[in-house]
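Student: Got input_19.csv for you, CSV, C-alpha atoms:
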chain,number,residue,atom,x,y,z
E,27,MET,CA,43.3,-111.7,132.5
E,28,SER,CA,44.5,-115.1,133.6
E,29,ASP,CA,44.9,-118.1,131.4
E,30,ASP,CA,41.9,-119.7,133.2
E,31,GLU,CA,39.7,-116.8,132.2
E,32,ALA,CA,40.9,-116.4,128.6
E,33,GLY,CA,38.1,-117.1,126.2
E,34,VAL,CA,35.4,-117.2,128.8
E,35,PRO,CA,32.2,-115.4,127.8
E,36,GLU,CA,31.3,-112.3,129.7
E,37,ILE,CA,29.0,-112.9,132.6
E,38,ASP,CA,25.7,-110.8,132.4
E,39,PRO,CA,24.7,-109.9,136.0
E,40,LYS,CA,21.3,-108.8,134.9
E,41,ILE,CA,20.3,-112.3,133.9
E,42,ALA,CA,19.4,-114.8,136.7
E,43,ASN,CA,21.6,-117.9,136.7
E,44,ALA,CA,20.7,-121.3,138.1
E,45,ALA,CA,24.1,-121.8,139.8
E,46,ARG,CA,24.0,-118.4,141.4
E,47,ILE,CA,20.3,-118.9,142.5
E,48,TYR,CA,21.4,-122.1,144.2
E,49,ASN,CA,24.3,-120.3,145.8
E,50,TYR,CA,21.9,-117.8,147.3
E,51,PHE,CA,19.8,-120.7,148.7
E,52,LEU,CA,22.9,-122.0,150.4
E,53,GLY,CA,23.7,-118.7,152.0
E,54,GLY,CA,26.5,-117.9,149.6
E,55,LYS,CA,27.6,-114.4,148.4
E,56,ASP,CA,28.5,-115.3,144.8
E,57,ASN,CA,25.2,-114.0,143.3
E,58,PHE,CA,23.8,-110.8,141.8
E,59,ALA,CA,20.6,-108.8,142.3
E,60,ALA,CA,18.9,-110.7,139.5
E,61,ASP,CA,19.7,-114.0,141.1
E,62,ARG,CA,18.4,-112.8,144.5
E,63,THR,CA,15.2,-111.6,142.9
E,64,ALA,CA,14.6,-114.9,141.2
E,65,ALA,CA,15.5,-116.8,144.4
E,66,LYS,CA,13.1,-114.8,146.5
E,67,MET,CA,10.3,-115.4,144.0
E,68,VAL,CA,10.8,-119.1,144.4
E,69,LEU,CA,10.9,-118.8,148.2
E,70,SER,CA,7.6,-116.8,148.1
E,71,LEU,CA,6.0,-119.9,146.4
E,72,ALA,CA,7.8,-122.5,148.5
E,73,PRO,CA,9.7,-121.3,151.5
E,74,GLU,CA,10.9,-124.8,152.3
E,75,VAL,CA,13.2,-124.7,149.2
E,76,ARG,CA,16.0,-123.0,151.2
E,77,ILE,CA,16.0,-125.8,153.8
E,78,ALA,CA,15.8,-128.4,151.0
E,79,ALA,CA,18.8,-126.9,149.3
E,80,LEU,CA,20.8,-127.1,152.5
E,81,GLU,CA,19.7,-130.7,153.1
E,82,ASN,CA,20.7,-131.5,149.5
E,83,ARG,CA,24.2,-130.1,150.2
E,84,ASP,CA,24.4,-132.0,153.5
E,85,PHE,CA,23.5,-135.2,151.7
E,86,LEU,CA,26.4,-134.7,149.3
E,87,THR,CA,28.7,-134.6,152.3
E,88,ARG,CA,27.2,-137.8,153.8
E,89,ALA,CA,27.3,-139.5,150.4
E,90,VAL,CA,31.0,-138.7,149.8
E,91,ARG,CA,31.9,-139.9,153.3
E,92,PHE,CA,30.0,-143.1,152.8
E,93,LEU,CA,31.7,-143.8,149.4
E,94,ALA,CA,35.2,-143.1,150.9
E,95,ARG,CA,34.7,-145.0,154.2
E,96,GLU,CA,32.5,-147.9,153.4
E,97,ALA,CA,33.0,-148.4,149.6
E,98,GLY,CA,36.7,-147.5,149.6
E,99,ILE,CA,36.3,-145.0,146.8
E,100,ARG,CA,39.4,-142.8,146.3
E,101,GLN,CA,38.5,-141.0,143.1
E,102,PHE,CA,35.4,-138.9,142.3
E,103,ILE,CA,33.9,-137.2,139.3
E,104,ASP,CA,31.5,-134.4,140.4
E,105,ILE,CA,29.3,-133.5,137.3
E,106,GLY,CA,27.4,-130.3,137.6
E,107,ALA,CA,29.5,-129.3,140.5
E,108,GLY,CA,28.1,-125.8,140.9
E,109,ILE,CA,29.7,-122.8,142.5
E,110,PRO,CA,32.2,-124.0,145.2
E,111,ALA,CA,30.6,-124.2,148.6
E,112,ALA,CA,31.6,-125.3,152.1
E,113,ARG,CA,32.9,-128.9,152.4
E,114,PRO,CA,33.7,-129.5,148.7
E,115,VAL,CA,34.0,-133.2,147.6
E,116,HIS,CA,37.8,-133.4,147.9
E,117,GLU,CA,37.9,-132.0,151.4
E,118,VAL,CA,35.3,-134.5,152.6
E,119,ALA,CA,37.0,-137.4,150.8
E,120,ARG,CA,40.5,-136.5,152.1
E,121,LYS,CA,39.4,-136.8,155.7
E,122,VAL,CA,39.3,-140.6,154.9
E,123,HIS,CA,41.8,-140.9,152.1
E,124,ARG,CA,44.5,-138.3,152.0
E,125,ASP,CA,45.2,-139.1,148.4
E,126,ALA,CA,41.6,-138.8,147.1
E,127,ARG,CA,41.4,-137.3,143.6
E,128,VAL,CA,38.4,-135.3,142.4
E,129,ALA,CA,37.5,-133.9,138.9
E,130,TYR,CA,34.9,-131.1,139.1
E,131,VAL,CA,32.8,-130.9,135.9
E,132,ASP,CA,30.4,-128.1,134.8
E,133,ASN,CA,29.3,-126.4,131.7
E,134,ASP,CA,28.4,-123.1,133.3
E,135,THR,CA,30.7,-120.1,132.8
E,136,VAL,CA,30.0,-118.8,136.2
E,137,VAL,CA,30.9,-122.1,137.9
E,138,LEU,CA,34.1,-122.6,135.9
E,139,VAL,CA,35.5,-119.2,136.8
E,140,HIS,CA,34.9,-119.8,140.5
E,141,ALA,CA,36.0,-123.4,140.4
E,142,ARG,CA,39.2,-122.8,138.6
E,143,ALA,CA,40.1,-120.1,141.2
E,144,LEU,CA,39.1,-122.0,144.3
E,145,LEU,CA,39.3,-125.7,143.5
E,146,GLY,CA,41.4,-126.3,140.4
E,147,ARG,CA,44.7,-125.3,142.0
E,148,SER,CA,44.6,-127.9,144.8
E,149,PRO,CA,46.8,-130.9,144.1
E,150,GLY,CA,44.8,-133.9,143.1
E,151,THR,CA,41.9,-131.9,141.7
E,152,ALA,CA,40.9,-130.8,138.2
E,153,VAL,CA,38.2,-128.5,136.8
E,154,VAL,CA,36.8,-129.8,133.5
E,155,ALA,CA,34.4,-128.0,131.1
E,156,GLY,CA,31.8,-130.5,130.3
E,157,ASP,CA,28.1,-131.1,129.9
E,158,VAL,CA,26.2,-134.0,131.5
E,159,ARG,CA,24.5,-134.4,128.1
E,160,ALA,CA,27.8,-135.4,126.6
E,161,PRO,CA,29.1,-138.1,129.0
E,162,GLU,CA,31.6,-139.6,126.6
E,163,ALA,CA,33.3,-136.2,126.1
E,164,ILE,CA,33.5,-135.7,129.9
E,165,LEU,CA,35.2,-139.1,130.4
E,166,ASP,CA,37.6,-138.5,127.5
E,167,ALA,CA,38.6,-135.0,128.5
E,168,PRO,CA,42.4,-134.8,128.9
E,169,GLU,CA,42.1,-132.9,132.2
E,170,LEU,CA,40.0,-135.8,133.6
E,171,THR,CA,42.0,-138.7,132.2
E,172,LYS,CA,45.2,-137.3,133.6
E,173,LEU,CA,43.7,-137.5,137.1
E,174,ILE,CA,41.1,-140.2,137.1
E,175,ASP,CA,41.9,-143.9,136.4
E,176,LEU,CA,38.7,-145.3,134.8
E,177,GLY,CA,40.1,-148.8,135.4
E,178,LEU,CA,39.5,-148.4,139.1
E,179,PRO,CA,36.2,-147.8,140.9
E,180,VAL,CA,34.9,-144.2,140.7
E,181,GLY,CA,32.3,-142.2,142.6
E,182,VAL,CA,30.2,-140.2,140.1
E,183,MET,CA,28.3,-137.4,141.7
E,184,LEU,CA,25.1,-136.1,139.9
E,185,ILE,CA,23.9,-133.8,142.5
E,186,ALA,CA,20.9,-131.6,141.5
E,187,VAL,CA,21.9,-131.7,137.8
E,188,LEU,CA,19.7,-134.2,136.0
E,189,HIS,CA,16.5,-132.1,136.7
E,190,PHE,CA,18.0,-129.5,134.3
E,191,VAL,CA,18.1,-132.2,131.5
E,192,PRO,CA,14.9,-132.2,129.3
E,193,ASP,CA,13.1,-135.5,128.5
E,194,ALA,CA,14.3,-135.1,124.9
E,195,ASP,CA,17.9,-135.7,126.0
E,196,ASP,CA,16.8,-138.9,128.0
E,197,PRO,CA,18.6,-138.4,131.3
E,198,ALA,CA,18.3,-142.2,132.1
E,199,ALA,CA,20.2,-143.0,128.9
E,200,LEU,CA,22.9,-140.4,129.8
E,201,VAL,CA,23.4,-142.1,133.2
E,202,ARG,CA,23.7,-145.5,131.4
E,203,GLN,CA,26.4,-144.1,129.1
E,204,LEU,CA,28.4,-143.0,132.1
E,205,VAL,CA,27.9,-146.3,133.9
E,206,ASP,CA,28.9,-148.3,130.8
E,207,ARG,CA,32.4,-146.7,131.0
E,208,LEU,CA,32.9,-147.4,134.7
E,209,PRO,CA,34.4,-150.5,136.3
E,210,SER,CA,32.6,-152.8,138.7
E,211,GLY,CA,32.5,-151.3,142.2
E,212,SER,CA,31.9,-147.8,141.0
E,213,HIS,CA,29.0,-145.8,142.5
E,214,VAL,CA,26.7,-143.2,141.1
E,215,VAL,CA,25.1,-140.6,143.5
E,216,ILE,CA,22.0,-138.8,142.2
E,217,THR,CA,19.7,-136.2,143.7
E,218,HIS,CA,16.7,-135.0,141.7
E,219,LEU,CA,13.7,-132.7,142.2
E,220,SER,CA,10.5,-134.7,142.7
E,221,ASP,CA,7.0,-133.7,141.8
E,222,GLY,CA,5.9,-135.3,145.1
E,223,GLY,CA,3.3,-137.3,143.3
E,224,VAL,CA,1.4,-134.1,142.4
E,225,PRO,CA,2.6,-133.0,139.0
E,226,ASP,CA,-0.2,-130.5,138.6
E,227,ASP,CA,0.8,-128.6,141.7
E,228,PRO,CA,0.6,-125.0,140.5
E,229,ARG,CA,3.8,-124.1,142.4
E,230,ILE,CA,5.8,-126.4,140.1
E,231,ALA,CA,4.7,-124.4,137.1
E,232,HIS,CA,5.5,-121.1,138.7
E,233,VAL,CA,8.9,-122.3,139.8
E,234,ARG,CA,9.6,-123.5,136.3
E,235,GLU,CA,8.8,-120.1,135.0
E,236,VAL,CA,11.5,-118.6,137.1
E,237,TYR,CA,14.0,-121.0,135.4
E,238,GLN,CA,12.5,-120.2,132.0
E,239,GLY,CA,11.1,-123.7,131.7
E,240,GLY,CA,14.5,-125.3,132.1
E,241,LEU,CA,13.7,-127.2,135.3
E,242,PHE,CA,12.0,-130.6,135.3
E,243,PHE,CA,10.2,-132.1,138.3
E,244,ARG,CA,9.9,-135.8,137.8
E,245,SER,CA,8.0,-138.6,139.5
E,246,ARG,CA,9.6,-141.1,141.9
E,247,GLU,CA,9.2,-143.8,139.3
E,248,ARG,CA,11.1,-141.8,136.7
E,249,ILE,CA,13.8,-140.9,139.2
E,250,GLN,CA,14.1,-144.5,140.2
E,251,ALA,CA,14.6,-145.4,136.5
E,252,LEU,CA,17.8,-143.4,136.6
E,253,PHE,CA,19.4,-146.2,138.6
E,254,ASP,CA,18.5,-149.0,136.2
E,255,GLY,CA,21.3,-151.5,136.0
E,256,LEU,CA,22.7,-150.4,139.4
E,257,GLU,CA,22.3,-151.9,142.8
E,258,LEU,CA,20.6,-149.3,145.0
E,259,VAL,CA,22.4,-148.9,148.3
E,260,GLU,CA,20.2,-149.1,151.4
E,261,PRO,CA,17.9,-147.3,152.2
E,262,GLY,CA,17.2,-146.9,148.5
E,263,LEU,CA,15.6,-143.8,147.0
E,264,VAL,CA,14.5,-141.5,149.8
E,265,GLY,CA,14.4,-137.8,150.6
E,266,VAL,CA,17.8,-136.2,150.7
E,267,ASN,CA,17.2,-135.3,154.4
E,268,SER,CA,16.6,-138.9,155.5
E,269,TRP,CA,19.3,-140.9,153.7
E,270,ARG,CA,21.0,-142.8,156.5
E,271,ARG,CA,20.0,-140.2,159.0
E,272,ALA,CA,17.5,-141.2,161.7
E,273,GLY,CA,14.7,-139.1,162.9
E,274,SER,CA,14.2,-137.0,159.8
E,275,ARG,CA,11.0,-136.5,157.9
E,276,GLU,CA,10.6,-138.3,154.7
E,277,VAL,CA,9.1,-135.5,152.6
E,278,SER,CA,11.7,-133.5,150.6
E,279,TRP,CA,11.9,-131.4,147.5
E,280,TRP,CA,14.8,-133.7,146.5
E,281,LEU,CA,15.0,-137.4,146.3
E,282,ALA,CA,18.4,-139.1,146.6
E,283,GLY,CA,20.0,-142.4,146.1
E,284,ILE,CA,23.3,-144.2,145.5
E,285,GLY,CA,23.7,-147.0,143.0
E,286,ARG,CA,26.6,-149.5,142.8
E,287,LYS,CA,27.7,-151.0,139.6
E,288,PRO,CA,27.8,-154.8,140.0
Would you put the structure from the file into structure tokens?
Tutor:
Amino acid sequence: MSDDEAGVPEIDPKIANAARIYNYFLGGKDNFAADRTAAKMVLSLAPEVRIAALENRDFLTRAVRFLAREAGIRQFIDIGAGIPAARPVHEVARKVHRDARVAYVDNDTVVLVHARALLGRSPGTAVVAGDVRAPEAILDAPELTKLIDLGLPVGVMLIAVLHFVPDADDPAALVRQLVDRLPSGSHVVITHLSDGGVPDDPRIAHVREVYQGGLFFRSRERIQALFDGLELVEPGLVGVNSWRRAGSREVSWWLAGIGRKP
């Protein structure tokens, strides 16, 4: 067993896992039968989810490219990074800045094992065990502070992670805690599942059952509130598939936005 794997709890392949389900939606191979069964159940309810997941990933690429090229961001913190997929943040950012630095953060055992093997050994990257519900601990983690200078603008990625945070943990307050520690010029990128203005849609309840109630679809207004105190970059809060991309439909399972700290 490697040092990276020491002390990591055993993975139970018989229990579906959110990170592996998402990996399946993206066409990845890092999933088990239980994950594929759960994913297919979701797709039977809402076949568009697979396309929405791919659009969400494509938005991540566009957002990182925007932050690097137009905002001049050279360091990133990807919270809730998920199982490594094509075009990870550091590869996209380094097409603009060869010295871009990225800290990948997750609290999922499955993700950490894959990330340490595939991402953590690249110079200028770090893999940090951390939970979005404990933002101070993330920003104070030694692995992060060795790499990321919090005195300089940072791009914080919160891609498809806050909809796993229950209301009791106040996701908007968690974002504010992160923002309070960042310098002016930093940007926060958020994508979040929307209820589409129809919170009573029976498909939402069925999909939440697949995730054992741990998935929270929120209204546009509540997602917009996640950006309080930030200046929303044009075009504001829109579907992940239409952010700075002409000709795309507006409707999406995910809403996306980028906020700049004044």
Student: Give the answer as one residue: which of E:Asp132, E:Glu235, E:Asp157, E:Asp226 has the shortest atom-to-atom distance to Ile109 (chain E), using all atoms listed in the file?
Tutor: E:Asp132
Student: Pick from E:Pro110, E:Gly98, E:Gly265, E:Gly181: nearest to Leu219 (chain E), with only C-alpha atoms counted?
Tutor: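 The answer is E:Gly265, which sits nearest to Leu219 (chain E).
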Student: Can you tell me how far CA of Leu178 (chain E) sits from CA of Val158 (chain E), in Å to one decimal?
Tutor: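 Between CA of Leu178 (chain E) and CA of Val158 (chain E) the gap is 21.0 Å.
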Student: Which one of E:Ala42, E:Val153, E:Ile77, E:Leu52 sits closest to Asn267 (chain E) if you count all atoms listed in the file?
Tutor: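 Among the listed residues, E:Ile77 lies closest to Asn267 (chain E).
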Student: Mind giving me the straight-line distance from CA of Arg244 (chain E) to CA of Ser220 (chain E) in Å, one decimal?
Tutor: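 Distance reported for this atom pair: 5.1 Å.
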Student: I'd like the neighbourhood of region 185-195 of chain E as a ChimeraX atom specification, where a residue qualifies if any of its atoms comes within 6 Å (using all atoms listed in the file), though same-chain residues fewer than 6 positions away should be ignored.
Tutor: /E:106,216-218,240-242
Student: Choose the residue, out of E:Leu252, E:Leu138, E:Val115, E:Val128, that has the smallest atom-to-atom separation from Leu281 (chain E); count all atoms listed in the file.
Tutor: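 Going through E:Leu252, E:Leu138, E:Val115, E:Val128 one by one, the smallest distance to Leu281 (chain E) is for E:Leu252.
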Student: In Å, with one decimal, what is the gap from CA of Asp254 (chain E) to CA of Ala79 (chain E)?
Tutor: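 Separating CA of Asp254 (chain E) from CA of Ala79 (chain E) is a distance of 25.7 Å.
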Student: Which is closer to Asn133 (chain E) than all the others in E:Lys287, E:Arg271, E:Arg113, E:Arg159, using only C-alpha atoms?
Tutor: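 Answer, going by the shortest atom-to-atom distance: E:Arg159.
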Student: I'd like the contact shell of region 69-73 of chain E - 9 Å cut-off, only C-alpha atoms, skipping same-chain residues fewer than 3 positions apart - returned as a list in words.
Tutor: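 What passes the distance filter is Ala64, Ala65, Lys66, Arg76, Ile77, Arg229, His232 and Val233 of chain E.
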Student: Excluding same-chain residues fewer than 6 positions from Leu173 (chain E), what lies within 10 Å of it counting only C-alpha atoms, as a list in words?
Tutor: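 Here the answer would be Gln101, Phe102, Arg127, Val128, Ala129, Gly150, Thr151 and Ala152 of chain E.
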Student: Which of these, E:Ala44, E:Val137, E:Ile99, E:Phe85, has the shortest distance to Val264 (chain E) once you count all atoms listed in the file?
Tutor: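 Of all the options, E:Phe85 lies closest to Val264 (chain E).
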Student: List every residue of region 193-227 of chain E that has an atom at most 7 Å from any atom of region 161-165 of chain E, giving for each one its closest atom pair and the distance in Å to one decimal, counting all atoms listed in the file, sorted by chain and then by ascending residue number, as a Markdown table.
Tutor:
| residue | atom | partner | partner_atom | distance |
| --- | --- | --- | --- | --- |
| E:Leu200 | CA | E:Pro161 | CA | 6.7 |
| E:Gln203 | CA | E:Pro161 | CA | 6.6 |
| E:Leu204 | CA | E:Pro161 | CA | 5.8 |
Student: Using only C-alpha atoms, determine which residues lie at most 8 Å from region 205-213 of chain E, disregarding the query and same-chain residues fewer than 3 positions distant; provide the list as a VMD selection string.
Tutor: chain E and resid 93 97 99 176 to 182 201 to 202 284 to 288
